[in-house]
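Peer 1: Just one file: final.txt, with compact mmCIF, C-alpha atoms.
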# COMPACT_ATOMS: atom_id res chain seq x y z
CA MET A 2 126.49 176.61 124.52
CA TYR A 3 128.15 177.38 121.17
CA MET A 4 128.49 174.68 118.55
CA ILE A 5 128.91 174.16 114.84
CA ILE A 6 126.04 172.44 113.04
CA GLU A 7 125.50 171.29 109.48
CA ASN A 8 122.07 171.65 107.91
CA GLU A 9 120.29 172.29 104.64
CA ASP A 10 117.91 174.99 103.48
CA VAL A 11 116.52 176.54 100.31
CA ILE A 12 117.59 180.02 99.20
CA ARG A 13 115.47 182.05 96.76
CA ILE A 14 117.65 183.91 94.26
CA PRO A 15 115.66 186.86 92.85
CA PRO A 16 115.71 187.40 89.06
CA GLU A 17 117.80 190.60 89.25
CA MET A 18 120.65 188.64 90.92
CA LEU A 19 120.75 185.69 88.51
CA GLY A 20 123.55 187.15 86.35
CA ASP A 21 125.91 187.65 89.29
CA ASP A 22 128.43 185.15 90.71
CA PRO A 23 126.14 182.39 92.10
CA GLU A 24 128.42 181.44 95.01
CA LYS A 25 128.67 185.04 96.20
CA VAL A 26 124.93 185.65 95.75
CA ILE A 27 123.98 182.48 97.65
CA LYS A 28 126.27 183.35 100.57
CA GLU A 29 124.95 186.93 100.73
CA LEU A 30 121.31 185.78 100.66
CA ALA A 31 121.95 183.02 103.22
CA LEU A 32 123.54 185.49 105.64
CA LYS A 33 120.60 187.86 105.26
CA LYS A 34 118.03 185.07 105.68
CA MET A 35 119.60 183.15 108.57
CA GLU A 36 122.01 185.15 110.74
CA GLY A 37 120.55 186.22 114.07
CA ARG A 38 117.46 184.07 113.61
CA VAL A 39 116.13 181.23 115.73
CA LYS A 40 115.99 177.89 113.96
CA SER A 41 114.80 174.54 115.22
CA PHE A 42 116.98 171.60 114.30
CA ASP A 43 115.85 168.03 114.34
CA LYS A 44 117.39 166.40 117.39
CA LYS A 45 115.47 163.18 117.81
CA ASP A 46 117.11 162.42 121.16
CA VAL A 47 115.72 165.69 122.65
CA PRO A 48 111.93 165.49 123.22
CA ASP A 49 111.42 169.13 124.28
CA PRO A 50 111.02 171.43 121.20
CA GLN A 51 112.43 174.37 123.24
CA GLU A 52 115.69 172.42 123.58
CA ARG A 53 116.01 172.10 119.79
CA LYS A 54 116.10 175.87 119.18
CA PHE A 55 119.37 177.42 118.14
CA ILE A 56 120.31 180.99 117.32
CA ILE A 57 122.37 181.20 114.14
CA ILE A 58 125.35 183.46 114.82
CA THR A 59 127.01 183.18 111.42
CA ILE A 60 127.26 180.97 108.34
CA LEU A 61 130.75 179.47 108.11
CA ASP A 62 130.45 177.57 104.85
CA ILE A 63 127.73 177.12 102.25
CA LYS A 64 127.52 174.97 99.12
CA ARG A 65 124.93 174.56 96.40
CA GLU A 66 123.29 171.16 96.23
CA GLY A 67 122.23 170.22 92.70
CA ASP A 68 120.47 172.57 90.30
CA GLY A 69 118.03 175.24 91.40
CA ARG A 70 114.30 175.00 90.72
CA ILE A 71 112.05 177.49 88.98
CA ILE A 72 108.43 177.72 90.06
CA PRO A 73 105.94 178.88 87.38
CA GLY A 74 104.83 182.45 88.01
CA ASP A 75 107.96 183.27 90.08
CA GLY A 76 111.04 184.60 88.26
CA GLY A 77 113.38 183.55 91.07
CA VAL A 78 115.41 180.37 91.37
CA TYR A 79 115.07 178.20 94.48
CA GLN A 80 118.45 176.71 95.29
CA LYS A 81 118.97 173.95 97.85
CA VAL A 82 122.09 174.58 99.96
CA ILE A 83 124.04 172.71 102.61
CA TYR A 84 125.70 174.95 105.17
CA LYS A 85 127.77 174.92 108.33
CA ALA A 86 126.86 177.50 110.92
CA LEU A 87 128.08 178.68 114.28
CA VAL A 88 125.03 178.53 116.54
CA PHE A 89 124.26 179.40 120.14
CA HIS A 90 121.91 177.38 122.30
CA PRO A 91 121.43 178.67 125.85
CA GLU A 92 120.66 175.88 128.32
CA LEU A 93 119.07 175.89 131.74
CA GLN A 94 121.66 175.83 134.54
CA GLU A 95 124.42 176.84 132.11
CA ILE A 96 127.03 179.20 133.56
CA ILE A 97 127.83 182.10 131.25
CA GLU A 98 129.78 185.34 131.32
CA GLY A 99 128.43 188.63 130.07
CA ASP A 100 128.34 192.39 130.49
CA ILE A 101 125.89 194.50 132.47
CA VAL A 102 124.14 196.64 129.84
CA ASP A 103 121.45 198.34 131.94
CA ILE A 104 120.44 198.89 135.56
CA VAL A 105 116.73 199.23 136.29
CA ASN A 106 114.75 199.49 139.52
CA PHE A 107 114.14 195.71 139.57
CA GLY A 108 117.64 194.50 138.66
CA ALA A 109 120.16 194.46 135.84
CA PHE A 110 120.26 193.26 132.25
CA VAL A 111 123.21 191.10 131.23
CA ARG A 112 124.22 190.70 127.58
CA PHE A 113 125.82 187.42 126.58
CA GLY A 114 126.29 186.70 122.89
CA VAL A 115 123.24 187.97 121.02
CA LEU A 116 120.88 187.76 124.02
CA ASP A 117 120.06 189.77 127.12
CA GLY A 118 119.00 188.16 130.37
CA LEU A 119 117.47 189.64 133.50
CA LEU A 120 119.39 189.48 136.74
CA HIS A 121 116.56 190.25 139.16
CA ILE A 122 117.55 192.28 142.21
CA SER A 123 116.74 189.27 144.43
CA GLN A 124 119.33 187.23 142.51
CA VAL A 125 122.27 189.64 142.69
CA MET A 126 123.66 188.89 146.18
CA ASP A 127 122.74 188.40 149.83
CA ASP A 128 122.40 192.08 150.64
CA ARG A 129 119.86 194.89 150.46
CA PHE A 130 120.42 197.46 147.73
CA ASP A 131 120.33 201.12 147.01
CA ILE A 132 119.47 201.67 143.37
CA ASP A 133 121.18 204.59 141.67
CA LEU A 134 119.37 204.83 138.32
CA ASP A 135 121.16 208.05 137.33
CA GLY A 136 124.58 206.49 137.96
CA LYS A 137 123.40 203.13 136.57
CA ARG A 138 124.53 201.09 139.59
CA LEU A 139 123.32 198.85 142.41
CA ILE A 140 125.04 199.42 145.75
CA GLY A 141 124.96 196.84 148.57
CA LYS A 142 123.88 198.54 151.83
CA ASP A 143 126.00 196.30 154.05
CA SER A 144 128.73 195.04 151.75
CA LYS A 145 129.15 198.34 149.84
CA LYS A 146 129.76 196.26 146.70
CA GLU A 147 128.65 197.91 143.48
CA LEU A 148 127.30 196.55 140.25
CA ARG A 149 127.55 199.00 137.35
CA VAL A 150 126.85 199.14 133.64
CA ASN A 151 129.80 197.58 131.72
CA ASP A 152 130.81 195.32 134.64
CA LYS A 153 131.63 191.79 133.56
CA VAL A 154 129.73 189.11 135.46
CA ARG A 155 129.48 185.32 135.69
CA VAL A 156 125.88 184.14 136.04
CA ARG A 157 123.76 180.99 135.76
CA ILE A 158 120.65 180.65 133.58
CA VAL A 159 117.66 179.75 135.79
CA SER A 160 114.75 180.31 133.39
CA LEU A 161 114.57 180.31 129.63
CA SER A 162 111.97 181.13 127.00
CA ILE A 163 113.31 181.90 123.52
CA ASN A 164 111.01 183.93 121.24
CA ASP A 165 111.38 182.61 117.69
CA GLU A 166 110.01 185.76 116.06
CA ASN A 167 111.92 188.41 118.01
CA LEU A 168 115.03 187.50 120.01
CA ARG A 169 114.79 190.74 122.00
CA GLU A 170 111.48 189.52 123.45
CA SER A 171 113.03 186.29 124.77
CA ARG A 172 112.84 185.90 128.54
CA ILE A 173 115.97 184.66 130.26
CA GLY A 174 116.29 184.69 134.04
CA LEU A 175 119.73 184.75 135.64
CA THR A 176 121.25 184.39 139.10
CA MET A 177 124.65 185.10 140.63
CA ARG A 178 123.82 184.10 144.21
CA GLN A 179 126.14 181.11 144.39
CA PRO A 180 129.84 180.59 145.04
CA GLY A 181 131.89 181.20 141.90
CA LEU A 182 129.29 183.55 140.41
CA GLY A 183 129.17 187.34 140.49
CA LYS A 184 131.10 190.33 139.29
CA LEU A 185 134.24 188.87 137.69
CA GLU A 186 136.70 191.06 139.58
CA ASP A 187 135.10 189.96 142.90
CA VAL A 188 135.03 186.30 141.84
CA ASP A 189 138.70 186.45 140.81
CA LYS A 190 139.66 188.01 144.19
CA ASN A 191 137.77 185.30 146.09
CA GLU A 192 139.30 182.48 144.02
CA GLY A 193 142.79 183.92 144.54
CA SER A 194 142.54 183.97 148.34
As structure tokens, please, write out the structure in this file.
Peer 2:
Amino acid sequence: MYMIIENEDVIRIPPEMLGDDPEKVIKELALKKMEGRVKSFDKKDVPDPQERKFIIITILDIKREGDGRIIPGDGGVYQKVIYKALVFHPELQEIIEGDIVDIVNFGAFVRFGVLDGLLHISQVMDDRFDIDLDGKRLIGKDSKKELRVNDKVRVRIVSLSINDENLRESRIGLTMRQPGLGKLEDVDKNEGS
């Protein structure tokens, strides 16, 4: 789920950037520090810490709050900021759309937003498969349906473990073995009939 949140943080402005336009410097440093990172936000109504993790897609607005602080022995200025950010928070059972980015001998990887999820071969469809790794496709033995790299699919998140340190190491399990899920061109044909 995508949403816009408002939060605060502290940005360290290094000494060599202190003479530049402070608004521009703060925005540049905030983008570098926060975009593409996992951040936990305080949601008191959500007891599970995993459910409070959001991936910061981009900073929409940022403002300085008060004067910066100087810490003895450090030439930088620590500036408190309040910002609005577009964030992404994948949720269990959420239905998402993405693109097939790789076919492997145990399934396919689907990219949605900044994350990749695994669509295990057992979760693709009710059929047995031939796996064509050279052609990057899965071919149903009975149905003859194909799933290829760059196909657009609609899937549901069935397992979720976000790695705070490295998003690429997050583990997200997907399925498309339900009505309304699957390769978008097949889903659209079925909904139209």
Peer 1: What's the separation between atom CA of A:Leu139 and atom CA of A:Ser160, in Å to one decimal place?
Peer 2: 22.3 Å
Peer 1: For stretch 167-171 of chain A, find every residue with an atom within 8 Å (counting only C-alpha atoms), except residues of its own chain fewer than 5 positions away, and show them as a PyMOL selection string.
Peer 2: chain A and resi 38-39+116-117+161-162
Peer 1: For C-alpha atoms, I'd like the residues from the last selection saved as an mmCIF file, keeping the file's coordinate frame.
Peer 2:
data_model
loop_
_atom_site.group_PDB
_atom_site.id
_atom_site.type_symbol
_atom_site.label_atom_id
_atom_site.label_comp_id
_atom_site.auth_asym_id
_atom_site.auth_seq_id
_atom_site.Cartn_x
_atom_site.Cartn_y
_atom_site.Cartn_z
ATOM 1 C CA ARG A 38 117.460 184.070 113.610
ATOM 2 C CA VAL A 39 116.130 181.230 115.730
ATOM 3 C CA LEU A 116 120.880 187.760 124.020
ATOM 4 C CA ASP A 117 120.060 189.770 127.120
ATOM 5 C CA LEU A 161 114.570 180.310 129.630
ATOM 6 C CA SER A 162 111.970 181.130 127.000
#
Peer 1: Can you tell me which residues surround A:Asp152 at a distance of at most 7 Å, considering all atoms listed in the file, apart from same-chain residues fewer than 2 positions away, and format the answer as a list in words?
Peer 2: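 Here the answer would be Asp100, Ile101, Leu148, Arg149, Val150, Val154 and Lys184 of chain A.
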Peer 1: Choose the residue, out of A:Gly67, A:Gly77, A:Gly20, A:Pro91, that has the smallest atom-to-atom separation from A:Lys54; count only C-alpha atoms.
Peer 2: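 Residue with the minimum atom-to-atom distance to A:Lys54: A:Pro91.
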Peer 1: Could you tell me how far atom CA of A:Met35 sits from atom CA of A:Gly118, in Å to one decimal place?
Peer 2: 22.4 Å
Peer 1: Once you count all atoms listed in the file, which residues end up no further than 12 Å from (117.6, 175.6, 107.8) in the file's frame, shown as a PyMOL selection string?
Peer 2: chain A and resi 6-12+31-32+34-36+38-43+54-57+60+63+81-86+88
Peer 1: List every protein, DNA or RNA residue that has an atom no more than 12 Å from (112.6, 178.7, 88.1) in the file's coordinate frame, counting all atoms listed in the file, and report them as a PyMOL selection string.
Peer 2: chain A and resi 13-16+19+68-80
Peer 1: Considering only C-alpha atoms, can you say which of A:Ile163, A:Ile58, A:Met126, A:Met4 comes closest to A:Glu147?
Peer 2: A:Met126
Peer 1: Rank nothing, just name the residue among A:Asn164, A:Arg155, A:Leu119, A:Gly114 nearest to A:Val188, using only C-alpha atoms.
Peer 2: A:Arg155
Peer 1: Provide the atom CA of A:Val156 to atom CA of A:Gly183 distance in Å, to one decimal place.
Peer 2: 6.4 Å
